[in-house]
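What follows is the content of model_8.pdb (PDB, C-alpha atoms and all ligand atoms).
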```pdb
MODEL        1
ATOM      1  CA  MET A   1      36.038 -20.049   1.122  1.00  0.00           C
ATOM      2  CA  SER A   2      35.455 -21.111  -2.472  1.00  0.00           C
ATOM      3  CA  GLU A   3      34.131 -18.912  -5.229  1.00  0.00           C
ATOM      4  CA  LEU A   4      30.402 -19.356  -5.793  1.00  0.00           C
ATOM      5  CA  LEU A   5      29.668 -16.699  -8.382  1.00  0.00           C
ATOM      6  CA  SER A   6      31.928 -14.849 -10.780  1.00  0.00           C
ATOM      7  CA  VAL A   7      30.559 -12.057 -12.939  1.00  0.00           C
ATOM      8  CA  GLN A   8      32.875 -10.753 -15.626  1.00  0.00           C
ATOM      9  CA  HIS A   9      32.243  -7.690 -17.792  1.00  0.00           C
ATOM     10  CA  LEU A  10      28.477  -8.157 -17.781  1.00  0.00           C
ATOM     11  CA  THR A  11      26.705  -5.842 -20.207  1.00  0.00           C
ATOM     12  CA  LYS A  12      22.974  -5.719 -20.857  1.00  0.00           C
ATOM     13  CA  SER A  13      20.896  -3.348 -22.998  1.00  0.00           C
ATOM     14  CA  PHE A  14      17.209  -3.169 -23.764  1.00  0.00           C
ATOM     15  CA  GLN A  15      15.909  -2.302 -27.201  1.00  0.00           C
ATOM     16  CA  THR A  16      12.899  -0.030 -27.019  1.00  0.00           C
ATOM     17  CA  SER A  17      10.727   0.236 -30.128  1.00  0.00           C
ATOM     18  CA  SER A  18      11.592   3.754 -31.242  1.00  0.00           C
ATOM     19  CA  GLN A  19      14.925   4.539 -29.630  1.00  0.00           C
ATOM     20  CA  GLN A  20      18.518   3.333 -29.576  1.00  0.00           C
ATOM     21  CA  PRO A  21      19.210   0.425 -27.193  1.00  0.00           C
ATOM     22  CA  VAL A  22      19.484   1.610 -23.600  1.00  0.00           C
ATOM     23  CA  CYS A  23      22.445   0.173 -21.689  1.00  0.00           C
ATOM     24  CA  ILE A  24      21.209  -0.876 -18.234  1.00  0.00           C
ATOM     25  CA  LEU A  25      24.253  -2.851 -17.030  1.00  0.00           C
ATOM     26  CA  ASN A  26      27.578  -1.617 -18.365  1.00  0.00           C
ATOM     27  CA  ASP A  27      30.688  -3.803 -17.966  1.00  0.00           C
ATOM     28  CA  ILE A  28      29.938  -5.043 -14.455  1.00  0.00           C
ATOM     29  CA  SER A  29      32.322  -7.429 -12.683  1.00  0.00           C
ATOM     30  CA  PHE A  30      32.203  -8.862  -9.164  1.00  0.00           C
ATOM     31  CA  SER A  31      32.474 -12.159  -7.362  1.00  0.00           C
ATOM     32  CA  LEU A  32      30.807 -13.812  -4.409  1.00  0.00           C
ATOM     33  CA  GLN A  33      32.344 -16.478  -2.191  1.00  0.00           C
ATOM     34  CA  ALA A  34      30.342 -19.414  -0.842  1.00  0.00           C
ATOM     35  CA  GLY A  35      28.509 -18.296   2.284  1.00  0.00           C
ATOM     36  CA  GLU A  36      28.955 -14.613   1.458  1.00  0.00           C
ATOM     37  CA  SER A  37      26.072 -12.185   1.079  1.00  0.00           C
ATOM     38  CA  MET A  38      25.763  -8.907  -0.749  1.00  0.00           C
ATOM     39  CA  ALA A  39      23.261  -6.131  -1.177  1.00  0.00           C
ATOM     40  CA  VAL A  40      22.493  -4.214  -4.355  1.00  0.00           C
ATOM     41  CA  CYS A  41      21.006  -0.769  -3.892  1.00  0.00           C
ATOM     42  CA  GLY A  42      20.014   1.849  -6.427  1.00  0.00           C
ATOM     43  CA  GLU A  43      17.194   4.048  -7.595  1.00  0.00           C
ATOM     44  CA  SER A  44      14.077   2.688  -9.228  1.00  0.00           C
ATOM     45  CA  GLY A  45      14.920   1.814 -12.829  1.00  0.00           C
ATOM     46  CA  SER A  46      18.668   1.504 -12.190  1.00  0.00           C
ATOM     47  CA  GLY A  47      18.657  -2.164 -13.258  1.00  0.00           C
ATOM     48  CA  LYS A  48      18.570  -4.139 -10.001  1.00  0.00           C
ATOM     49  CA  SER A  49      15.870  -6.597 -11.103  1.00  0.00           C
ATOM     50  CA  THR A  50      17.493  -6.889 -14.526  1.00  0.00           C
ATOM     51  CA  LEU A  51      20.780  -7.841 -12.838  1.00  0.00           C
ATOM     52  CA  LEU A  52      19.119 -10.614 -10.809  1.00  0.00           C
ATOM     53  CA  PHE A  53      17.287 -11.961 -13.876  1.00  0.00           C
ATOM     54  CA  VAL A  54      20.507 -12.066 -15.909  1.00  0.00           C
ATOM     55  CA  LEU A  55      22.452 -13.691 -13.043  1.00  0.00           C
ATOM     56  CA  GLY A  56      19.911 -16.497 -12.828  1.00  0.00           C
ATOM     57  CA  GLY A  57      19.822 -17.101 -16.592  1.00  0.00           C
ATOM     58  CA  LEU A  58      16.271 -15.771 -16.939  1.00  0.00           C
ATOM     59  CA  LEU A  59      17.349 -12.960 -19.276  1.00  0.00           C
ATOM     60  CA  PRO A  60      20.094 -13.100 -21.921  1.00  0.00           C
ATOM     61  CA  LEU A  61      23.166 -10.886 -21.548  1.00  0.00           C
ATOM     62  CA  ASP A  62      24.792  -8.955 -24.395  1.00  0.00           C
ATOM     63  CA  LYS A  63      28.428  -9.346 -23.387  1.00  0.00           C
ATOM     64  CA  GLY A  64      30.398 -10.871 -20.556  1.00  0.00           C
ATOM     65  CA  HIS A  65      30.364 -14.109 -18.604  1.00  0.00           C
ATOM     66  CA  ILE A  66      28.726 -15.443 -15.471  1.00  0.00           C
ATOM     67  CA  PHE A  67      30.069 -18.507 -13.704  1.00  0.00           C
ATOM     68  CA  PHE A  68      28.203 -20.254 -10.899  1.00  0.00           C
ATOM     69  CA  GLN A  69      30.338 -22.863  -9.138  1.00  0.00           C
ATOM     70  CA  GLN A  70      32.763 -22.578 -12.068  1.00  0.00           C
ATOM     71  CA  GLN A  71      29.996 -23.478 -14.575  1.00  0.00           C
ATOM     72  CA  PRO A  72      28.781 -20.878 -17.089  1.00  0.00           C
ATOM     73  CA  ILE A  73      25.252 -19.586 -16.600  1.00  0.00           C
ATOM     74  CA  VAL A  74      23.555 -19.838 -19.957  1.00  0.00           C
ATOM     75  CA  TYR A  75      20.294 -18.062 -20.745  1.00  0.00           C
ATOM     76  CA  ASN A  76      17.273 -20.338 -20.423  1.00  0.00           C
ATOM     77  CA  HIS A  77      19.432 -23.295 -19.539  1.00  0.00           C
ATOM     78  CA  LEU A  78      18.301 -24.661 -16.221  1.00  0.00           C
ATOM     79  CA  VAL A  79      21.482 -26.401 -15.029  1.00  0.00           C
ATOM     80  CA  ALA A  80      21.820 -24.107 -12.027  1.00  0.00           C
ATOM     81  CA  SER A  81      18.111 -23.866 -11.273  1.00  0.00           C
ATOM     82  CA  SER A  82      18.056 -26.194  -8.288  1.00  0.00           C
ATOM     83  CA  GLU A  83      21.041 -24.404  -6.742  1.00  0.00           C
ATOM     84  CA  ILE A  84      19.756 -20.860  -7.236  1.00  0.00           C
ATOM     85  CA  GLY A  85      16.550 -19.747  -5.553  1.00  0.00           C
ATOM     86  CA  TYR A  86      14.578 -16.593  -6.260  1.00  0.00           C
ATOM     87  CA  VAL A  87      12.419 -14.360  -4.186  1.00  0.00           C
ATOM     88  CA  PHE A  88      10.806 -12.172  -6.811  1.00  0.00           C
ATOM     89  CA  GLN A  89       9.607  -8.607  -6.411  1.00  0.00           C
ATOM     90  CA  HIS A  90       6.181  -9.883  -7.543  1.00  0.00           C
ATOM     91  CA  TYR A  91       5.617 -13.122  -5.704  1.00  0.00           C
ATOM     92  CA  GLN A  92       4.613 -15.351  -8.649  1.00  0.00           C
ATOM     93  CA  LEU A  93       2.546 -17.827  -6.658  1.00  0.00           C
ATOM     94  CA  ILE A  94       0.465 -20.399  -8.526  1.00  0.00           C
ATOM     95  CA  GLU A  95      -3.237 -19.567  -8.114  1.00  0.00           C
ATOM     96  CA  GLU A  96      -4.424 -23.119  -8.818  1.00  0.00           C
ATOM     97  CA  LEU A  97      -2.504 -24.447  -5.799  1.00  0.00           C
ATOM     98  CA  ASN A  98      -3.123 -23.773  -2.121  1.00  0.00           C
ATOM     99  CA  VAL A  99      -0.466 -22.181   0.074  1.00  0.00           C
ATOM    100  CA  GLU A 100       1.101 -25.402   1.318  1.00  0.00           C
ATOM    101  CA  GLU A 101       1.262 -26.815  -2.218  1.00  0.00           C
ATOM    102  CA  ASN A 102       2.868 -23.570  -3.401  1.00  0.00           C
ATOM    103  CA  ILE A 103       5.542 -23.810  -0.725  1.00  0.00           C
ATOM    104  CA  TYR A 104       6.318 -27.428  -1.591  1.00  0.00           C
ATOM    105  CA  LEU A 105       6.218 -27.036  -5.382  1.00  0.00           C
ATOM    106  CA  PRO A 106       9.855 -26.045  -6.179  1.00  0.00           C
ATOM    107  CA  SER A 107      11.206 -28.713  -3.813  1.00  0.00           C
ATOM    108  CA  ARG A 108       8.979 -31.318  -5.497  1.00  0.00           C
ATOM    109  CA  ILE A 109      10.018 -30.191  -8.996  1.00  0.00           C
ATOM    110  CA  GLN A 110      13.672 -30.358  -7.940  1.00  0.00           C
ATOM    111  CA  GLN A 111      13.052 -33.740  -6.280  1.00  0.00           C
ATOM    112  CA  LYS A 112      14.550 -32.487  -3.026  1.00  0.00           C
ATOM    113  CA  THR A 113      13.653 -34.300   0.162  1.00  0.00           C
ATOM    114  CA  VAL A 114      11.885 -31.916   2.505  1.00  0.00           C
ATOM    115  CA  ASP A 115      12.506 -32.136   6.235  1.00  0.00           C
ATOM    116  CA  ARG A 116       9.062 -31.622   7.820  1.00  0.00           C
ATOM    117  CA  HIS A 117      10.663 -30.123  10.922  1.00  0.00           C
ATOM    118  CA  PHE A 118      12.406 -27.516   8.760  1.00  0.00           C
ATOM    119  CA  PHE A 119       9.123 -26.837   6.926  1.00  0.00           C
ATOM    120  CA  ASN A 120       7.316 -26.297  10.249  1.00  0.00           C
ATOM    121  CA  LYS A 121      10.052 -24.022  11.532  1.00  0.00           C
ATOM    122  CA  ILE A 122       9.920 -21.783   8.461  1.00  0.00           C
ATOM    123  CA  VAL A 123       6.112 -21.728   8.507  1.00  0.00           C
ATOM    124  CA  ASP A 124       6.132 -20.858  12.192  1.00  0.00           C
ATOM    125  CA  LEU A 125       8.712 -18.094  11.980  1.00  0.00           C
ATOM    126  CA  LEU A 126       7.004 -16.512   8.983  1.00  0.00           C
ATOM    127  CA  LYS A 127       3.622 -16.810  10.750  1.00  0.00           C
ATOM    128  CA  ILE A 128       1.869 -18.534   7.868  1.00  0.00           C
ATOM    129  CA  ALA A 129       0.644 -21.710   9.608  1.00  0.00           C
ATOM    130  CA  SER A 130      -2.986 -20.525   9.531  1.00  0.00           C
ATOM    131  CA  LEU A 131      -2.739 -19.883   5.774  1.00  0.00           C
ATOM    132  CA  LEU A 132      -1.518 -23.299   4.641  1.00  0.00           C
ATOM    133  CA  GLN A 133      -4.858 -24.611   3.349  1.00  0.00           C
ATOM    134  CA  ARG A 134      -5.977 -21.289   1.808  1.00  0.00           C
ATOM    135  CA  GLN A 135      -5.997 -20.522  -1.902  1.00  0.00           C
ATOM    136  CA  THR A 136      -3.596 -17.713  -2.826  1.00  0.00           C
ATOM    137  CA  THR A 137      -6.122 -15.541  -4.681  1.00  0.00           C
ATOM    138  CA  HIS A 138      -7.382 -13.445  -1.775  1.00  0.00           C
ATOM    139  CA  LEU A 139      -4.211 -13.146   0.301  1.00  0.00           C
ATOM    140  CA  SER A 140      -2.634  -9.791   1.087  1.00  0.00           C
ATOM    141  CA  GLY A 141       0.626  -8.776  -0.570  1.00  0.00           C
ATOM    142  CA  GLY A 142       2.496  -9.297   2.676  1.00  0.00           C
ATOM    143  CA  GLU A 143       1.083 -12.778   3.104  1.00  0.00           C
ATOM    144  CA  CYS A 144       2.007 -13.661  -0.483  1.00  0.00           C
ATOM    145  CA  GLN A 145       5.562 -12.447   0.035  1.00  0.00           C
ATOM    146  CA  ARG A 146       6.019 -14.476   3.228  1.00  0.00           C
ATOM    147  CA  ILE A 147       4.820 -17.567   1.326  1.00  0.00           C
ATOM    148  CA  ALA A 148       7.198 -16.800  -1.551  1.00  0.00           C
ATOM    149  CA  ILE A 149      10.107 -16.522   0.889  1.00  0.00           C
ATOM    150  CA  ALA A 150       9.142 -19.799   2.598  1.00  0.00           C
ATOM    151  CA  ARG A 151       8.928 -21.523  -0.796  1.00  0.00           C
ATOM    152  CA  THR A 152      12.472 -20.494  -1.687  1.00  0.00           C
ATOM    153  CA  LEU A 153      13.986 -21.197   1.743  1.00  0.00           C
ATOM    154  CA  LEU A 154      12.537 -24.709   1.712  1.00  0.00           C
ATOM    155  CA  THR A 155      14.600 -25.731  -1.341  1.00  0.00           C
ATOM    156  CA  GLN A 156      17.816 -24.806   0.531  1.00  0.00           C
ATOM    157  CA  PRO A 157      19.567 -23.363  -2.526  1.00  0.00           C
ATOM    158  CA  LYS A 158      23.258 -22.391  -2.459  1.00  0.00           C
ATOM    159  CA  LEU A 159      22.435 -18.889  -3.683  1.00  0.00           C
ATOM    160  CA  ILE A 160      19.267 -16.874  -3.202  1.00  0.00           C
ATOM    161  CA  LEU A 161      18.519 -13.926  -5.455  1.00  0.00           C
ATOM    162  CA  ALA A 162      16.110 -11.791  -3.449  1.00  0.00           C
ATOM    163  CA  ASP A 163      14.452  -8.819  -5.119  1.00  0.00           C
ATOM    164  CA  GLU A 164      13.028  -6.457  -2.477  1.00  0.00           C
ATOM    165  CA  PRO A 165      11.626  -9.391  -0.476  1.00  0.00           C
ATOM    166  CA  THR A 166      10.048  -7.125   2.131  1.00  0.00           C
ATOM    167  CA  GLY A 167       8.990  -4.323  -0.183  1.00  0.00           C
ATOM    168  CA  SER A 168       5.307  -5.040   0.374  1.00  0.00           C
ATOM    169  CA  LEU A 169       5.448  -5.656   4.129  1.00  0.00           C
ATOM    170  CA  ASP A 170       4.898  -3.198   6.957  1.00  0.00           C
ATOM    171  CA  GLU A 171       8.091  -2.165   8.740  1.00  0.00           C
ATOM    172  CA  ALA A 172       7.763  -4.439  11.784  1.00  0.00           C
ATOM    173  CA  THR A 173       6.830  -7.511   9.723  1.00  0.00           C
ATOM    174  CA  GLY A 174       9.557  -6.656   7.217  1.00  0.00           C
ATOM    175  CA  MET A 175      12.156  -6.557  10.002  1.00  0.00           C
ATOM    176  CA  ARG A 176      10.958  -9.915  11.361  1.00  0.00           C
ATOM    177  CA  VAL A 177      10.984 -11.532   7.944  1.00  0.00           C
ATOM    178  CA  MET A 178      14.452 -10.204   7.124  1.00  0.00           C
ATOM    179  CA  ASP A 179      15.810 -11.305  10.494  1.00  0.00           C
ATOM    180  CA  LEU A 180      14.537 -14.805   9.720  1.00  0.00           C
ATOM    181  CA  PHE A 181      15.936 -14.611   6.220  1.00  0.00           C
ATOM    182  CA  PHE A 182      19.401 -13.603   7.519  1.00  0.00           C
ATOM    183  CA  TYR A 183      19.221 -16.215  10.281  1.00  0.00           C
ATOM    184  CA  VAL A 184      18.285 -19.087   7.964  1.00  0.00           C
ATOM    185  CA  CYS A 185      20.877 -18.108   5.359  1.00  0.00           C
ATOM    186  CA  GLN A 186      23.582 -17.864   8.014  1.00  0.00           C
ATOM    187  CA  THR A 187      22.573 -21.163   9.617  1.00  0.00           C
ATOM    188  CA  LEU A 188      22.575 -22.999   6.302  1.00  0.00           C
ATOM    189  CA  GLY A 189      25.603 -21.170   4.849  1.00  0.00           C
ATOM    190  CA  THR A 190      23.448 -19.908   1.985  1.00  0.00           C
ATOM    191  CA  SER A 191      24.779 -17.005  -0.040  1.00  0.00           C
ATOM    192  CA  PHE A 192      22.370 -14.356  -1.151  1.00  0.00           C
ATOM    193  CA  ILE A 193      22.191 -11.238  -3.239  1.00  0.00           C
ATOM    194  CA  LEU A 194      19.629  -8.888  -1.788  1.00  0.00           C
ATOM    195  CA  VAL A 195      18.123  -6.006  -3.718  1.00  0.00           C
ATOM    196  CA  THR A 196      16.929  -3.502  -1.165  1.00  0.00           C
ATOM    197  CA  HIS A 197      16.325   0.184  -0.557  1.00  0.00           C
ATOM    198  CA  ASN A 198      16.691  -0.369   3.183  1.00  0.00           C
ATOM    199  CA  ALA A 199      20.143   0.655   4.484  1.00  0.00           C
ATOM    200  CA  VAL A 200      19.666  -1.332   7.707  1.00  0.00           C
ATOM    201  CA  PHE A 201      19.155  -4.555   5.759  1.00  0.00           C
ATOM    202  CA  ALA A 202      21.978  -3.723   3.333  1.00  0.00           C
ATOM    203  CA  GLU A 203      24.454  -3.196   6.162  1.00  0.00           C
ATOM    204  CA  LYS A 204      23.746  -6.689   7.493  1.00  0.00           C
ATOM    205  CA  THR A 205      25.264  -8.225   4.346  1.00  0.00           C
ATOM    206  CA  ASN A 206      28.991  -8.755   3.743  1.00  0.00           C
ATOM    207  CA  LYS A 207      29.239  -6.131   1.005  1.00  0.00           C
ATOM    208  CA  VAL A 208      27.048  -3.431  -0.440  1.00  0.00           C
ATOM    209  CA  PHE A 209      27.047  -2.289  -4.058  1.00  0.00           C
ATOM    210  CA  TYR A 210      25.251   0.667  -5.605  1.00  0.00           C
ATOM    211  CA  LEU A 211      23.940   0.533  -9.153  1.00  0.00           C
ATOM    212  CA  LYS A 212      23.941   3.855 -10.966  1.00  0.00           C
ATOM    213  CA  ARG A 213      23.921   4.697 -14.671  1.00  0.00           C
ATOM    214  CA  GLY A 214      24.827   1.106 -15.562  1.00  0.00           C
ATOM    215  CA  LYS A 215      27.856   0.922 -13.264  1.00  0.00           C
ATOM    216  CA  MET A 216      28.173  -0.862  -9.949  1.00  0.00           C
ATOM    217  CA  SER A 217      30.238   0.749  -7.217  1.00  0.00           C
ATOM    218  CA  ASP A 218      30.903   0.098  -3.545  1.00  0.00           C
ATOM    219  CA  GLU A 219      30.572   3.833  -2.939  1.00  0.00           C
ATOM    220  CA  LYS A 220      27.129   5.344  -2.554  1.00  0.00           C
ATOM    221  CA  ASP A 221      27.780   8.458  -4.683  1.00  0.00           C
TER     222      ASP A 221
HETATM  223  N1  LIG B   1      12.084  -6.190 -21.035  1.00  0.00           N
HETATM  224  C1  LIG B   1      12.394  -4.897 -21.028  1.00  0.00           C
HETATM  225  N2  LIG B   1      12.387  -4.179 -22.172  1.00  0.00           N
HETATM  226  C2  LIG B   1      12.729  -2.877 -22.196  1.00  0.00           C
HETATM  227  N3  LIG B   1      13.119  -2.186 -21.095  1.00  0.00           N
HETATM  228  C3  LIG B   1      13.139  -2.850 -19.922  1.00  0.00           C
HETATM  229  C4  LIG B   1      12.793  -4.239 -19.817  1.00  0.00           C
HETATM  230  N4  LIG B   1      12.921  -4.624 -18.525  1.00  0.00           N
HETATM  231  C5  LIG B   1      13.328  -3.540 -17.843  1.00  0.00           C
HETATM  232  N5  LIG B   1      13.473  -2.477 -18.683  1.00  0.00           N
HETATM  233  C6  LIG B   1      13.949  -1.137 -18.298  1.00  0.00           C
HETATM  234  O1  LIG B   1      15.224  -1.278 -17.710  1.00  0.00           O
HETATM  235  C7  LIG B   1      15.382  -0.374 -16.632  1.00  0.00           C
HETATM  236  C8  LIG B   1      15.769  -1.158 -15.378  1.00  0.00           C
HETATM  237  O2  LIG B   1      14.648  -1.925 -14.956  1.00  0.00           O
HETATM  238  P1  LIG B   1      14.687  -2.778 -13.621  1.00  0.00           P
HETATM  239  O3  LIG B   1      13.353  -3.407 -13.484  1.00  0.00           O
HETATM  240  O4  LIG B   1      15.868  -3.666 -13.660  1.00  0.00           O
HETATM  241  O5  LIG B   1      14.900  -1.631 -12.523  1.00  0.00           O
HETATM  242  P2  LIG B   1      14.944  -1.741 -10.940  1.00  0.00           P
HETATM  243  O6  LIG B   1      16.226  -1.135 -10.491  1.00  0.00           O
HETATM  244  O7  LIG B   1      14.673  -3.148 -10.529  1.00  0.00           O
HETATM  245  O8  LIG B   1      13.738  -0.783 -10.505  1.00  0.00           O
HETATM  246  P3  LIG B   1      12.713  -0.889  -9.243  1.00  0.00           P
HETATM  247  O9  LIG B   1      13.498  -0.428  -8.033  1.00  0.00           O
HETATM  248  O10 LIG B   1      11.618   0.058  -9.606  1.00  0.00           O
HETATM  249  O11 LIG B   1      12.237  -2.305  -9.143  1.00  0.00           O
HETATM  250  C9  LIG B   1      14.076   0.392 -16.521  1.00  0.00           C
HETATM  251  O12 LIG B   1      14.214   1.616 -17.191  1.00  0.00           O
HETATM  252  C10 LIG B   1      13.072  -0.500 -17.245  1.00  0.00           C
HETATM  253  O13 LIG B   1      12.048   0.258 -17.823  1.00  0.00           O
HETATM  254 MG    MG B   2      13.104  -4.048  -9.508  1.00  0.00          MG
ENDMDL
END
```
Full structure transcribed into structure tokens:
Amino acid sequence: MSELLSVQHLTKSFQTSSQQPVCILNDISFSLQAGESMAVCGESGSGKSTLLFVLGGLLPLDKGHIFFQQQPIVYNHLVASSEIGYVFQHYQLIEELNVEENIYLPSRIQQKTVDRHFFNKIVDLLKIASLLQRQTTHLSGGECQRIAIARTLLTQPKLILADEPTGSLDEATGMRVMDLFFYVCQTLGTSFILVTHNAVFAEKTNKVFYLKRGKMSDEKD
């Protein structure tokens, strides 16, 4: 296996208006091999979303280095963008586009050829075929999240950063969606970092880390 992601001494603070900077990620190091998956668990506010944003170059870091396929990830620099896919905690669908257009959009922007059979398979497994021509404005949270997952899977990225992808789904739907997510990632050899509160999902990944008081540990407490 080759190294996909290397995180070295990552430190990230937020400046709040009245107080000293608050250190959210404190000297964090880990690596991920190609095809490997990992889960990040931790209490609300522990910095899980911040970690994913920094890893993808969507937020600047204070100190440390991140290498994706041996290339440095630089804040706001979109070199890695077609290789890293996101499933955000808040779906971030485009209201002006219908569901099918939303699903196709990142692939079109990245000029990736889309296999229609693969598209149909994802749409079928996520049970969103009946939604394809709908606008996104009046969809339920669960429907939006399934569309957001389909949109990311369709681009076939090397690494998916998934932030509580089933947080807004009922338990049975959440299980089905995650089973699909694991299945597709395994089939395609796609690595992923999954932020989740669900121990069952976390245990299905290759390694589990816990974020607490800025530190990441492979021990729960
Ligand atoms: N842009 C920002 N400016 C200042 N503080 C921020 C900013 N973004 C996040 N924070 C703070 O950083 C901490 C970590 O936030 P983050 O969203 O990463 O937590 P989380 O672990 O994803 O929580 P949750 O499980 O609720 O999604 C929180 O205290 C949050 O208020
Ligand atoms: Mg979060």
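Here CA of Cys23 (chain A) and CA of Gly214 (chain A) stand 6.6 Å from one another.
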Review point. Counting only C-alpha atoms, what is within 10 Å of Gln92 (chain A), bar same-chain residues fewer than 5 positions away, as a list of chain:residue names?
Key: A:Val87, A:Asn102, A:Cys144, A:Gln145, A:Ala148
Exercise for review: Within 10 Å of region 152-159 of chain A, counting all atoms listed in the file, which residues show up once you throw out same-chain ones fewer than 3 positions away? Write them as a PyMOL selection string, please.
Suggested key: chain A and resi 4-5+32+34-37+56+68-69+80-88+103-116+118-119+122-123+147-149+162+181+184-185+188-193
**Study point:** Result set of the PyMOL selection byres (((not hetatm)) within 7 of (chain B and resi 2)) on the coordinates above, as JSON, numbers by chain
**Key:** {"A": [44, 45, 47, 48, 49, 89, 163]}
Taking all atoms of region 149-166 of chain A that the file lists, what box with edges along x, y and z, padded by 3 Å per side, do you get, with centre and edge lengths in Å to one decimal, as AutoDock Vina command-line options?
```
--center_x 16.1 --center_y -16.1 --center_z -1.4 --size_x 20.3 --size_y 25.3 --size_z 14.1
```
Practice item. Write out as a ChimeraX atom specification each polymer residue whose atoms come within 12 Å of Lys12 (chain A), counting only C-alpha atoms; drop sequence neighbours fewer than 4 positions from it. Key: /A:21-28,47-48,50-55,59-65,214-215
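Atom pair atom O6 of ligand LIG 1 (chain B) / CA of Gln70 (chain A) has a distance of 27.1 Å (rounded to one decimal).
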Check your understanding: Nearest to ligand LIG 1 (chain B): which of A:Phe14, A:Tyr75, A:Phe209, A:Phe30 is it, counting all atoms listed in the file?
Key -> A:Phe14
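Take CA of Ile160 (chain A) and CA of Arg134 (chain A): the distance between them is 26.1 Å.
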Check your understanding: Could you write out as JSON, numbers by chain the residues that the PyMOL selection byres (((chain A and resi 204) around 12) and not hetatm) matches in the shown file?
Key -> {"A": [36, 37, 38, 39, 175, 178, 179, 181, 182, 183, 185, 186, 192, 193, 194, 196, 198, 199, 200, 201, 202, 203, 205, 206, 207, 208]}
Review point. Near Leu125 (chain A), within 10 Å and counting only C-alpha atoms, which residues show up once chain neighbours fewer than 4 positions away are dropped, as a ChimeraX atom specification?
Key: /A:120-121,129,146,150,176-177,179-181
Check your understanding: From the list A:Gln133, A:Ser17, A:Thr166, A:Ser217, which residue is nearest ligand LIG 1 (chain B) when using all atoms listed in the file?
Key -> A:Ser17
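The closest residue to ligand LIG 1 (chain B), picked from A:His117, A:His90, A:Arg151, A:His9 and counting all atoms listed in the file, is A:His90.
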